[in-house]
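Structure data (PDB, C-alpha atoms and all ligand atoms) from query_27.pdb:
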ATOM      1  CA  MET A 148     119.972 132.220  77.255
ATOM      2  CA  ASP A 149     120.910 129.941  80.134
ATOM      3  CA  CYS A 150     124.307 128.447  79.295
ATOM      4  CA  ASN A 151     123.836 125.546  81.700
ATOM      5  CA  ARG A 152     121.085 124.086  79.580
ATOM      6  CA  VAL A 153     121.946 121.349  77.153
ATOM      7  CA  SER A 154     120.774 122.180  73.656
ATOM      8  CA  PRO A 155     117.707 120.046  72.822
ATOM      9  CA  GLY A 156     117.644 117.729  69.779
ATOM     10  CA  PRO A 157     115.070 118.158  66.954
ATOM     11  CA  ILE A 158     112.320 115.974  68.486
ATOM     12  CA  LEU A 159     112.671 117.684  71.825
ATOM     13  CA  LYS A 160     112.791 121.112  70.126
ATOM     14  CA  ASP A 161     109.512 120.408  68.370
ATOM     15  CA  PHE A 162     107.972 119.259  71.655
ATOM     16  CA  LEU A 163     109.202 122.414  73.409
ATOM     17  CA  ILE A 164     107.719 124.722  70.786
ATOM     18  CA  ARG A 165     104.351 123.102  71.483
ATOM     19  CA  ASN A 166     104.872 122.784  75.275
ATOM     20  CA  PRO A 167     107.178 125.634  76.316
ATOM     21  CA  HIS A 168     106.647 125.160  80.074
ATOM     22  CA  GLN A 169     107.609 121.511  80.108
ATOM     23  CA  TYR A 170     111.335 121.959  79.538
ATOM     24  CA  TYR A 171     112.444 120.947  83.019
ATOM     25  CA  GLN A 172     109.655 118.440  83.498
ATOM     26  CA  ILE A 173     110.629 116.243  80.598
ATOM     27  CA  MET A 174     114.287 116.362  81.596
ATOM     28  CA  THR A 175     113.716 114.616  84.912
ATOM     29  CA  PHE A 176     112.428 111.512  86.622
ATOM     30  CA  LYS A 177     108.990 111.739  88.169
ATOM     31  CA  ILE A 178     110.172 111.603  91.757
ATOM     32  CA  GLY A 179     107.768 110.258  94.351
ATOM     33  CA  MET A 180     107.355 108.124  97.439
ATOM     34  CA  GLN A 181     105.908 104.800  98.523
ATOM     35  CA  ILE A 182     103.120 105.856 100.892
ATOM     36  CA  GLY A 183     103.311 102.491 102.702
ATOM     37  CA  MET A 184     106.834 103.353 103.864
ATOM     38  CA  LEU A 185     105.691 106.433 105.796
ATOM     39  CA  LYS A 186     104.753 106.441 109.471
ATOM     40  CA  GLY A 187     101.378 105.613 111.024
ATOM     41  CA  SER A 188      97.954 104.972 109.525
ATOM     42  CA  TYR A 189      97.254 105.664 105.860
ATOM     43  CA  GLU A 190      95.780 109.053 106.760
ATOM     44  CA  GLN A 191      98.894 109.993 108.755
ATOM     45  CA  ALA A 192     101.203 108.750 106.000
ATOM     46  CA  LEU A 193      99.268 110.765 103.421
ATOM     47  CA  ASP A 194      99.564 113.898 105.571
ATOM     48  CA  GLN A 195     103.350 113.426 105.710
ATOM     49  CA  PHE A 196     103.481 112.870 101.969
ATOM     50  CA  ASN A 197     101.536 116.087 101.394
ATOM     51  CA  ILE A 198     103.983 118.081 103.550
ATOM     52  CA  LEU A 199     106.984 116.599 101.724
ATOM     53  CA  GLN A 200     105.310 117.122  98.352
ATOM     54  CA  GLN A 201     104.997 120.846  99.026
ATOM     55  CA  GLN A 202     108.692 120.957  99.835
ATOM     56  CA  PHE A 203     109.973 118.791  96.990
ATOM     57  CA  SER A 204     107.271 119.033  94.259
ATOM     58  CA  PHE A 205     106.754 115.290  93.852
ATOM     59  CA  SER A 206     105.055 114.310  90.618
ATOM     60  CA  SER A 207     104.412 110.646  91.451
ATOM     61  CA  ALA A 208     103.450 108.396  94.352
ATOM     62  CA  GLU A 209     102.801 104.732  94.925
ATOM     63  CA  LEU A 210     100.175 103.223  97.218
ATOM     64  CA  GLN A 211     100.752  99.936  99.026
ATOM     65  CA  LEU A 212      97.777  97.543  99.094
ATOM     66  CA  GLU A 213      99.652  94.902 101.088
ATOM     67  CA  SER A 214      97.391  94.224 104.095
ATOM     68  CA  SER A 215     100.287  93.779 106.531
ATOM     69  CA  ILE A 216     101.175  97.451 106.032
ATOM     70  CA  TYR A 217      97.718  98.867 106.734
ATOM     71  CA  ASN A 218      95.875  96.514 109.092
ATOM     72  CA  ALA A 219      92.379  96.546 107.682
ATOM     73  CA  TYR A 220      91.970  95.672 104.023
ATOM     74  CA  PHE A 221      92.817  98.958 102.464
ATOM     75  CA  VAL A 222      91.345 100.614  99.408
ATOM     76  CA  PRO A 223      91.545 104.419  99.476
ATOM     77  CA  GLU A 224      88.674 106.552  98.310
ATOM     78  CA  LYS A 225      89.512 108.432  95.154
ATOM     79  CA  HIS A 226      89.568 111.769  96.989
ATOM     80  CA  ARG A 227      92.040 110.397  99.561
ATOM     81  CA  VAL A 228      94.898 109.510  97.234
ATOM     82  CA  PRO A 229      97.993 111.639  96.602
ATOM     83  CA  LYS A 230      97.424 114.392  94.047
ATOM     84  CA  VAL A 231     100.187 113.606  91.598
ATOM     85  CA  GLU A 232     100.744 113.289  87.886
ATOM     86  CA  ILE A 233     101.457 109.550  88.036
ATOM     87  CA  LEU A 234      99.905 107.337  90.697
ATOM     88  CA  GLY A 235     100.913 103.689  91.044
ATOM     89  CA  VAL A 236      99.746 100.809  93.215
ATOM     90  CA  HIS A 237     101.879  98.041  94.700
ATOM     91  CA  LEU A 238      99.672  94.923  94.704
ATOM     92  CA  PRO A 239      99.424  92.704  97.812
ATOM     93  CA  PHE A 240     101.702  89.661  98.025
ATOM     94  CA  MET A 241     102.097  88.357 101.584
ATOM     95  CA  GLY A 242     100.317  85.052 102.223
ATOM     96  CA  LEU A 243      99.347  84.840  98.549
ATOM     97  CA  ASP A 244     100.577  82.189  96.130
ATOM     98  CA  PRO A 245      99.200  82.532  92.586
ATOM     99  CA  VAL A 246     101.312  79.596  91.324
ATOM    100  CA  SER A 247     100.541  77.272  94.251
ATOM    101  CA  ASP A 248     100.221  73.497  93.750
ATOM    102  CA  GLU A 249      96.947  73.734  95.654
ATOM    103  CA  PRO A 250      94.120  74.850  93.322
ATOM    104  CA  HIS A 251      92.156  76.430  96.179
ATOM    105  CA  LYS A 252      95.111  78.560  97.301
ATOM    106  CA  ARG A 253      95.880  79.537  93.707
ATOM    107  CA  LYS A 254      92.277  80.604  93.053
ATOM    108  CA  ASN A 255      91.983  82.638  96.268
ATOM    109  CA  SER A 256      95.302  84.365  95.621
ATOM    110  CA  LEU A 257      94.316  85.334  92.105
ATOM    111  CA  GLU A 258      90.958  86.648  93.279
ATOM    112  CA  THR A 259      92.670  88.880  95.846
ATOM    113  CA  ILE A 260      95.007  90.208  93.159
ATOM    114  CA  TYR A 261      92.150  90.775  90.644
ATOM    115  CA  HIS A 262      90.264  92.666  93.335
ATOM    116  CA  SER A 263      93.335  94.818  94.023
ATOM    117  CA  ILE A 264      93.818  95.549  90.321
ATOM    118  CA  ARG A 265      90.225  96.821  90.141
ATOM    119  CA  ALA A 266      90.792  98.873  93.313
ATOM    120  CA  ALA A 267      93.936 100.369  91.756
ATOM    121  CA  ALA A 268      91.984 101.432  88.667
ATOM    122  CA  ASP A 269      89.157 102.840  90.822
ATOM    123  CA  CYS A 270      91.511 105.152  92.685
ATOM    124  CA  GLY A 271      93.103 106.488  89.497
ATOM    125  CA  SER A 272      96.297 104.457  89.273
ATOM    126  CA  THR A 273      98.151 104.404  85.959
ATOM    127  CA  TYR A 274     100.338 101.407  86.797
ATOM    128  CA  VAL A 275     100.456  98.428  89.154
ATOM    129  CA  VAL A 276     103.528  96.707  90.598
ATOM    130  CA  PHE A 277     103.496  92.942  90.966
ATOM    131  CA  HIS A 278     105.718  91.355  93.582
ATOM    132  CA  ALA A 279     105.996  87.579  93.016
ATOM    133  CA  ARG A 280     105.879  85.246  95.997
ATOM    134  CA  THR A 281     105.301  81.484  96.204
ATOM    135  CA  GLN A 282     105.834  78.534  98.544
ATOM    136  CA  ARG A 283     107.099  76.458  95.620
ATOM    137  CA  SER A 284     110.830  76.226  94.999
ATOM    138  CA  GLY A 285     112.986  75.969  91.890
ATOM    139  CA  SER A 286     112.856  77.886  88.644
ATOM    140  CA  LEU A 287     109.177  78.436  87.915
ATOM    141  CA  THR A 288     109.337  80.609  84.817
ATOM    142  CA  SER A 289     106.797  78.465  82.944
ATOM    143  CA  ALA A 290     104.428  78.499  85.938
ATOM    144  CA  TRP A 291     104.609  82.276  86.358
ATOM    145  CA  MET A 292     104.274  83.095  82.658
ATOM    146  CA  PRO A 293     100.497  82.453  82.184
ATOM    147  CA  VAL A 294      99.713  84.102  85.527
ATOM    148  CA  LEU A 295     101.664  87.226  84.587
ATOM    149  CA  ALA A 296     100.077  87.333  81.126
ATOM    150  CA  ASP A 297      96.609  87.106  82.694
ATOM    151  CA  LEU A 298      97.283  89.822  85.297
ATOM    152  CA  ALA A 299      98.835  92.106  82.674
ATOM    153  CA  GLU A 300      95.788  91.653  80.441
ATOM    154  CA  LYS A 301      93.391  92.464  83.305
ATOM    155  CA  SER A 302      95.442  95.578  84.182
ATOM    156  CA  GLY A 303      95.629  96.644  80.526
ATOM    157  CA  GLU A 304      91.842  96.338  80.117
ATOM    158  CA  LEU A 305      91.512  98.891  82.919
ATOM    159  CA  GLY A 306      94.043 101.205  81.277
ATOM    160  CA  MET A 307      96.956 100.461  83.604
ATOM    161  CA  ARG A 308     100.485  99.338  82.892
ATOM    162  CA  PHE A 309     101.481  96.070  84.577
ATOM    163  CA  CYS A 310     105.003  96.161  86.044
ATOM    164  CA  LEU A 311     106.800  93.074  87.283
ATOM    165  CA  GLU A 312     109.190  93.889  90.124
ATOM    166  CA  ASN A 313     112.548  92.139  90.532
ATOM    167  CA  ALA A 314     111.887  90.975  94.074
ATOM    168  CA  ASP A 315     111.298  87.910  96.209
ATOM    169  CA  ASP A 316     110.728  84.777  94.084
ATOM    170  CA  LEU A 317     111.369  86.547  90.782
ATOM    171  CA  TYR A 318     114.540  88.399  91.732
ATOM    172  CA  ASP A 319     116.878  86.933  89.138
ATOM    173  CA  THR A 320     117.413  89.467  86.352
ATOM    174  CA  ALA A 321     118.232  86.799  83.718
ATOM    175  CA  GLN A 322     114.925  85.060  84.475
ATOM    176  CA  ILE A 323     113.122  88.410  84.385
ATOM    177  CA  HIS A 324     114.726  89.223  81.049
ATOM    178  CA  THR A 325     113.376  85.966  79.605
ATOM    179  CA  ILE A 326     109.888  86.720  80.895
ATOM    180  CA  LEU A 327     109.881  90.296  79.580
ATOM    181  CA  HIS A 328     110.941  89.125  76.132
ATOM    182  CA  GLU A 329     108.253  86.449  76.017
ATOM    183  CA  LEU A 330     105.563  88.813  77.289
ATOM    184  CA  PRO A 331     106.055  92.229  75.666
ATOM    185  CA  GLY A 332     102.909  93.609  77.342
ATOM    186  CA  ILE A 333     104.687  93.510  80.691
ATOM    187  CA  SER A 334     107.035  96.237  81.942
ATOM    188  CA  LEU A 335     109.664  96.183  84.646
ATOM    189  CA  CYS A 336     109.615  97.937  87.975
ATOM    190  CA  LEU A 337     113.355  97.955  88.603
ATOM    191  CA  ASP A 338     113.903  97.714  92.344
ATOM    192  CA  ILE A 339     117.487  98.810  92.959
ATOM    193  CA  GLY A 340     117.637  97.688  96.591
ATOM    194  CA  HIS A 341     116.388  94.198  95.750
ATOM    195  CA  LEU A 342     118.992  93.860  92.999
ATOM    196  CA  TYR A 343     121.476  93.413  95.877
ATOM    197  CA  GLU A 344     119.374  91.037  97.970
ATOM    198  CA  HIS A 345     121.393  87.922  97.129
ATOM    199  CA  THR A 346     124.785  89.608  96.969
ATOM    200  CA  PHE A 347     125.924  89.329 100.543
ATOM    201  CA  ASN A 348     127.033  86.118 102.251
ATOM    202  CA  PRO A 349     127.850  85.908 105.998
ATOM    203  CA  LEU A 350     131.351  87.255 105.349
ATOM    204  CA  THR A 351     130.916  89.868 102.625
ATOM    205  CA  ARG A 352     128.038  91.631 104.337
ATOM    206  CA  TYR A 353     130.599  93.276 106.627
ATOM    207  CA  PHE A 354     132.690  94.656 103.753
ATOM    208  CA  PRO A 355     132.056  97.450 101.285
ATOM    209  CA  LEU A 356     131.035  96.531  97.755
ATOM    210  CA  PHE A 357     134.094  96.809  95.517
ATOM    211  CA  TYR A 358     133.756  97.389  91.766
ATOM    212  CA  ASP A 359     130.200  96.174  91.784
ATOM    213  CA  SER A 360     128.626  96.432  88.344
ATOM    214  CA  ARG A 361     125.218  94.838  88.818
ATOM    215  CA  LEU A 362     123.290  98.105  88.788
ATOM    216  CA  THR A 363     125.046  99.248  85.600
ATOM    217  CA  MET A 364     124.433  95.840  84.008
ATOM    218  CA  ALA A 365     120.774  95.772  85.004
ATOM    219  CA  LEU A 366     120.208  99.292  83.661
ATOM    220  CA  GLU A 367     121.915  98.443  80.368
ATOM    221  CA  ASN A 368     120.289  95.044  79.842
ATOM    222  CA  LEU A 369     116.787  95.899  80.981
ATOM    223  CA  HIS A 370     116.647  99.566  79.966
ATOM    224  CA  ASP A 371     113.959  99.142  77.306
ATOM    225  CA  HIS A 372     111.583  97.435  79.725
ATOM    226  CA  ILE A 373     111.874  99.787  82.705
ATOM    227  CA  ALA A 374     108.651 101.663  83.435
ATOM    228  CA  CYS A 375     109.353 102.647  87.029
ATOM    229  CA  ILE A 376     112.155 102.461  89.571
ATOM    230  CA  HIS A 377     112.085 101.704  93.287
ATOM    231  CA  ILE A 378     115.087 103.132  95.104
ATOM    232  CA  HIS A 379     116.315 102.167  98.592
ATOM    233  CA  ASN A 380     119.652 101.059  99.977
ATOM    234  CA  HIS A 381     121.010  97.724 101.269
ATOM    235  CA  ASP A 382     123.433  97.564 104.191
ATOM    236  CA  GLY A 383     124.571  93.957 103.708
ATOM    237  CA  PHE A 384     121.884  92.670 106.079
ATOM    238  CA  TYR A 385     118.665  94.416 105.108
ATOM    239  CA  ALA A 386     117.175  96.242 102.150
ATOM    240  CA  HIS A 387     114.880  99.311 102.454
ATOM    241  CA  ARG A 388     117.643 101.237 104.279
ATOM    242  CA  MET A 389     117.810 104.977 103.813
ATOM    243  CA  LEU A 390     119.689 106.077 100.710
ATOM    244  CA  LYS A 391     122.570 107.430 102.768
ATOM    245  CA  GLU A 392     122.838 104.308 104.930
ATOM    246  CA  GLY A 393     123.954 101.410 102.792
ATOM    247  CA  LYS A 394     126.439  99.975 100.358
ATOM    248  CA  ILE A 395     124.870 100.656  96.976
ATOM    249  CA  ASP A 396     126.467 103.238  94.721
ATOM    250  CA  PHE A 397     123.502 104.814  92.936
ATOM    251  CA  ALA A 398     125.635 106.830  90.504
ATOM    252  CA  PRO A 399     124.647 104.751  87.393
ATOM    253  CA  VAL A 400     121.002 105.868  87.818
ATOM    254  CA  ASN A 401     122.050 109.380  86.895
ATOM    255  CA  LYS A 402     122.385 108.257  83.265
ATOM    256  CA  LEU A 403     118.629 107.637  83.135
ATOM    257  CA  ARG A 404     117.600 110.958  84.636
ATOM    258  CA  SER A 405     115.971 112.101  81.420
ATOM    259  CA  MET A 406     113.477 109.229  81.583
ATOM    260  CA  GLU A 407     109.921 110.295  82.279
ATOM    261  CA  ILE A 408     109.170 107.489  84.688
ATOM    262  CA  PRO A 409     108.310 107.331  88.373
ATOM    263  CA  LEU A 410     111.340 107.125  90.642
ATOM    264  CA  ILE A 411     109.834 105.961  93.905
ATOM    265  CA  LEU A 412     111.668 106.296  97.208
ATOM    266  CA  GLU A 413     111.112 103.033  99.025
ATOM    267  CA  SER A 414     113.402 103.340 102.059
ATOM    268  CA  ASP A 415     111.639 102.421 105.286
ATOM    269  CA  TYR A 416     110.730 105.786 106.795
ATOM    270  CA  ARG A 417     108.157 104.386 109.238
ATOM    271  CA  ASP A 418     110.322 105.100 112.251
ATOM    272  CA  VAL A 419     112.092 108.370 111.408
ATOM    273  CA  SER A 420     111.317 112.099 111.526
ATOM    274  CA  LEU A 421     110.191 114.205 108.586
ATOM    275  CA  ASN A 422     113.490 116.029 108.824
ATOM    276  CA  THR A 423     115.433 112.790 108.301
ATOM    277  CA  ILE A 424     113.253 111.939 105.295
ATOM    278  CA  SER A 425     113.925 115.417 103.855
ATOM    279  CA  GLN A 426     117.672 114.803 104.119
ATOM    280  CA  ASP A 427     117.319 111.527 102.213
ATOM    281  CA  ILE A 428     115.281 113.233  99.481
ATOM    282  CA  ARG A 429     117.899 115.964  99.153
ATOM    283  CA  TYR A 430     120.529 113.255  98.845
ATOM    284  CA  LEU A 431     118.498 111.641  96.040
ATOM    285  CA  LYS A 432     118.133 114.963  94.225
ATOM    286  CA  GLU A 433     121.889 115.458  94.349
ATOM    287  CA  LEU A 434     122.365 111.987  92.899
ATOM    288  CA  ILE A 435     120.335 112.684  89.800
ATOM    289  CA  VAL A 436     121.220 116.232  88.800
TER
HETATM  290 ZN    ZN B 501     107.633  95.038  96.190
HETATM  291 ZN    ZN B 502     110.151  97.616  95.624
END

As structure tokens - that is how I would like this structure written.
Amino acid sequence: MDCNRVSPGPILKDFLIRNPHQYYQIMTFKIGMQIGMLKGSYEQALDQFNILQQQFSFSSAELQLESSIYNAYFVPEKHRVPKVEILGVHLPFMGLDPVSDEPHKRKNSLETIYHSIRAAADCGSTYVVFHARTQRSGSLTSAWMPVLADLAEKSGELGMRFCLENADDLYDTAQIHTILHELPGISLCLDIGHLYEHTFNPLTRYFPLFYDSRLTMALENLHDHIACIHIHNHDGFYAHRMLKEGKIDFAPVNKLRSMEIPLILESDYRDVSLNTISQDIRYLKELIV
């Protein structure tokens, strides 16, 4: 008997009797990477992912359908997607505005997103991430609500979970909480780096974060809605920094390590070596053991 193991509760015990090899699997996050944050063309990025997957046994991955990441409009063939347990797709968002005042712009944006949702289903995705962006200003909860409901329904019809990301024009966690309560069919992709996007003013960006509780608060308040996590650091100026190079203390995430959800590394690795990426992944693994 391994004394380091925590004794499982009755539900887990029952599960283990039926699935004896899954003990470690169910005790951990499904760690994976955002393919769009790896270097080069999609093919090159996939090759790097495959090398890292052999080293670190990733069980999830997320594709990026944003056309500014891969120049040509990008929909991978089913045989050219990462071979993982859980595949997700980040939907395109740049230049789109599904809540625009202009009907033409709104319609075109929605059509692009519908198309991407179908592409996600075609390549075997089990969830999609929606990143909200608009030219309009102010609190637009009531404008976003029907759009989100529609996109979630379309994703659900194709067997995929629809995850709203706290980013860009829907970054405010109180606003997100309202939306998630109104629309129970929608899940949250908690982006830890973007939680800190509006934290730093011209002065505080130079200082460390003292006694910051926003990650703990977000995890506590939004826990029941979280279906996947994006993890990257923020250095006071920019998000998507490597995990070791920023001001966020990721320690609170450790409390969720028994969740069976994708934990997607979303640091910008497009300009670093595989060795540097490996160091960041090791750092992440130390954070959540
Ligand atoms: Zn995003
Ligand atoms: Zn993200």

Open item on the list: Please identify all protein, DNA and RNA residues within 7 Å of ligand ZN 502 (chain B), counting only C-alpha atoms and all ligand atoms, and report them as an NGL selection string.
Closed with: :A and (312 or 338 or 377 or 413)

Task: Distance query A:Gly332 at most 9 Å, all atoms listed in the file, self and fewer than 3 positions along chain excluded, as a list of chain:residue names - done: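 My reading of the contact set: A:Ala296, A:Ala299, A:Glu300, A:Gly303, A:Arg308, A:Phe309, A:Leu327.
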
Selection within 10 Å of ligand ZN 501 (chain B) by all atoms listed in the file, output as a compact mmCIF listing (two decimals) with C-alpha atoms, in the frame of the given file:
# COMPACT_ATOMS: atom_id res chain seq x y z
CA GLN A 211 100.75 99.94 99.03
CA GLU A 213 99.65 94.90 101.09
CA HIS A 237 101.88 98.04 94.70
CA LEU A 238 99.67 94.92 94.70
CA PRO A 239 99.42 92.70 97.81
CA PHE A 240 101.70 89.66 98.02
CA VAL A 276 103.53 96.71 90.60
CA PHE A 277 103.50 92.94 90.97
CA HIS A 278 105.72 91.36 93.58
CA ALA A 279 106.00 87.58 93.02
CA ARG A 280 105.88 85.25 96.00
CA LEU A 311 106.80 93.07 87.28
CA GLU A 312 109.19 93.89 90.12
CA ASN A 313 112.55 92.14 90.53
CA ALA A 314 111.89 90.98 94.07
CA ASP A 315 111.30 87.91 96.21
CA CYS A 336 109.62 97.94 87.98
CA LEU A 337 113.36 97.96 88.60
CA ASP A 338 113.90 97.71 92.34
CA HIS A 341 116.39 94.20 95.75
CA HIS A 377 112.08 101.70 93.29
CA GLU A 413 111.11 103.03 99.02

TODO: Tell me which of A:Thr175, A:Asn380, A:Asn401, A:Thr325 sits closest to A:Glu344, counting only C-alpha atoms.
DONE: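 Counting only C-alpha atoms, the residue closest to A:Glu344 is A:Asn380.
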
TODO: Please write as a ChimeraX atom specification the full residue list that the PyMOL selection byres (((chain A and resi 200) around 12) and not hetatm) yields on this file.
DONE: /A:178-180,182,193-199,201-208,229-231,421,424-425,428

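Each of A:Tyr385, A:Tyr261, A:Tyr189, A:Tyr217 was checked against A:Leu298 using only C-alpha atoms; the smallest atom-to-atom distance is that of A:Tyr261.
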
- [ ] Take atom CA of A:Asp244 and atom CA of A:Ser256 and report the distance between them in Å, one decimal.
- [x]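 For atom CA of A:Asp244 relative to atom CA of A:Ser256, the distance reads 5.7 Å.
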
Open item on the list: Applying the PyMOL selection byres (((chain A and resi 349-362) around 9) and not hetatm) to the file I just gave you, which residues come out? Please list them as a count of residues only.
Closed with: 20

Open item on the list: Please list as number ranges by chain every residue within 9 Å of stretch 391-393 of chain A, counting only C-alpha atoms and excluding residues in the same chain fewer than 5 positions away.
Closed with: A: 379-383, 386, 426-427, 430-431

Place N, CA and C atoms on stretch 340-366 of chain A and deliver the coordinates as a PDB file, in the coordinates of the input.
ATOM      1  N   GLY A 340     117.248  98.333  95.332  1.00  0.00           N
ATOM      2  CA  GLY A 340     117.637  97.688  96.591  1.00  0.00           C
ATOM      3  C   GLY A 340     117.599  96.174  96.479  1.00  0.00           C
ATOM      4  N   HIS A 341     116.535  95.659  95.857  1.00  0.00           N
ATOM      5  CA  HIS A 341     116.388  94.198  95.750  1.00  0.00           C
ATOM      6  C   HIS A 341     117.358  93.571  94.759  1.00  0.00           C
ATOM      7  N   LEU A 342     117.950  94.385  93.902  1.00  0.00           N
ATOM      8  CA  LEU A 342     118.992  93.860  92.999  1.00  0.00           C
ATOM      9  C   LEU A 342     120.141  93.267  93.819  1.00  0.00           C
ATOM     10  N   TYR A 343     120.320  93.788  95.039  1.00  0.00           N
ATOM     11  CA  TYR A 343     121.476  93.413  95.877  1.00  0.00           C
ATOM     12  C   TYR A 343     121.116  92.383  96.937  1.00  0.00           C
ATOM     13  N   GLU A 344     119.872  91.919  96.911  1.00  0.00           N
ATOM     14  CA  GLU A 344     119.374  91.037  97.970  1.00  0.00           C
ATOM     15  C   GLU A 344     120.182  89.748  98.119  1.00  0.00           C
ATOM     16  N   HIS A 345     120.691  89.217  97.044  1.00  0.00           N
ATOM     17  CA  HIS A 345     121.393  87.922  97.129  1.00  0.00           C
ATOM     18  C   HIS A 345     122.896  88.081  96.926  1.00  0.00           C
ATOM     19  N   THR A 346     123.382  89.288  97.205  1.00  0.00           N
ATOM     20  CA  THR A 346     124.785  89.608  96.969  1.00  0.00           C
ATOM     21  C   THR A 346     125.664  89.255  98.166  1.00  0.00           C
ATOM     22  N   PHE A 347     125.097  89.390  99.346  1.00  0.00           N
ATOM     23  CA  PHE A 347     125.924  89.329 100.543  1.00  0.00           C
ATOM     24  C   PHE A 347     125.837  87.966 101.218  1.00  0.00           C
ATOM     25  N   ASN A 348     127.000  87.349 101.455  1.00  0.00           N
ATOM     26  CA  ASN A 348     127.033  86.118 102.251  1.00  0.00           C
ATOM     27  C   ASN A 348     127.494  86.499 103.670  1.00  0.00           C
ATOM     28  N   PRO A 349     127.530  85.544 104.608  1.00  0.00           N
ATOM     29  CA  PRO A 349     127.850  85.908 105.998  1.00  0.00           C
ATOM     30  C   PRO A 349     129.153  86.685 106.153  1.00  0.00           C
ATOM     31  N   LEU A 350     130.082  86.530 105.239  1.00  0.00           N
ATOM     32  CA  LEU A 350     131.351  87.255 105.349  1.00  0.00           C
ATOM     33  C   LEU A 350     131.285  88.622 104.668  1.00  0.00           C
ATOM     34  N   THR A 351     130.823  88.632 103.411  1.00  0.00           N
ATOM     35  CA  THR A 351     130.916  89.868 102.625  1.00  0.00           C
ATOM     36  C   THR A 351     129.966  90.968 103.109  1.00  0.00           C
ATOM     37  N   ARG A 352     128.968  90.593 103.884  1.00  0.00           N
ATOM     38  CA  ARG A 352     128.038  91.631 104.337  1.00  0.00           C
ATOM     39  C   ARG A 352     128.726  92.676 105.233  1.00  0.00           C
ATOM     40  N   TYR A 353     129.880  92.334 105.775  1.00  0.00           N
ATOM     41  CA  TYR A 353     130.599  93.276 106.627  1.00  0.00           C
ATOM     42  C   TYR A 353     131.505  94.212 105.821  1.00  0.00           C
ATOM     43  N   PHE A 354     131.745  93.868 104.555  1.00  0.00           N
ATOM     44  CA  PHE A 354     132.690  94.656 103.753  1.00  0.00           C
ATOM     45  C   PHE A 354     131.967  95.560 102.757  1.00  0.00           C
ATOM     46  N   PRO A 355     132.660  96.615 102.341  1.00  0.00           N
ATOM     47  CA  PRO A 355     132.056  97.450 101.285  1.00  0.00           C
ATOM     48  C   PRO A 355     131.956  96.671  99.974  1.00  0.00           C
ATOM     49  N   LEU A 356     131.115  97.151  99.083  1.00  0.00           N
ATOM     50  CA  LEU A 356     131.035  96.531  97.755  1.00  0.00           C
ATOM     51  C   LEU A 356     132.140  97.133  96.892  1.00  0.00           C
ATOM     52  N   PHE A 357     133.029  96.298  96.381  1.00  0.00           N
ATOM     53  CA  PHE A 357     134.094  96.809  95.517  1.00  0.00           C
ATOM     54  C   PHE A 357     133.754  96.537  94.059  1.00  0.00           C
ATOM     55  N   TYR A 358     133.895  97.549  93.220  1.00  0.00           N
ATOM     56  CA  TYR A 358     133.756  97.389  91.766  1.00  0.00           C
ATOM     57  C   TYR A 358     132.479  96.627  91.398  1.00  0.00           C
ATOM     58  N   ASP A 359     131.423  96.919  92.077  1.00  0.00           N
ATOM     59  CA  ASP A 359     130.200  96.174  91.784  1.00  0.00           C
ATOM     60  C   ASP A 359     129.512  96.759  90.562  1.00  0.00           C
ATOM     61  N   SER A 360     129.180  95.906  89.600  1.00  0.00           N
ATOM     62  CA  SER A 360     128.626  96.432  88.344  1.00  0.00           C
ATOM     63  C   SER A 360     127.178  96.006  88.122  1.00  0.00           C
ATOM     64  N   ARG A 361     126.555  95.392  89.117  1.00  0.00           N
ATOM     65  CA  ARG A 361     125.218  94.838  88.818  1.00  0.00           C
ATOM     66  C   ARG A 361     124.171  95.899  88.477  1.00  0.00           C
ATOM     67  N   LEU A 362     124.270  97.067  89.122  1.00  0.00           N
ATOM     68  CA  LEU A 362     123.290  98.105  88.788  1.00  0.00           C
ATOM     69  C   LEU A 362     123.502  98.589  87.348  1.00  0.00           C
ATOM     70  N   THR A 363     124.746  98.820  86.978  1.00  0.00           N
ATOM     71  CA  THR A 363     125.046  99.248  85.600  1.00  0.00           C
ATOM     72  C   THR A 363     124.564  98.196  84.610  1.00  0.00           C
ATOM     73  N   MET A 364     124.845  96.928  84.906  1.00  0.00           N
ATOM     74  CA  MET A 364     124.433  95.840  84.008  1.00  0.00           C
ATOM     75  C   MET A 364     122.908  95.774  83.888  1.00  0.00           C
ATOM     76  N   ALA A 365     122.242  95.860  85.030  1.00  0.00           N
ATOM     77  CA  ALA A 365     120.774  95.772  85.004  1.00  0.00           C
ATOM     78  C   ALA A 365     120.184  96.922  84.194  1.00  0.00           C
ATOM     79  N   LEU A 366     120.734  98.131  84.384  1.00  0.00           N
ATOM     80  CA  LEU A 366     120.208  99.292  83.661  1.00  0.00           C
ATOM     81  C   LEU A 366     120.435  99.141  82.156  1.00  0.00           C
TER      82      LEU A 366
END
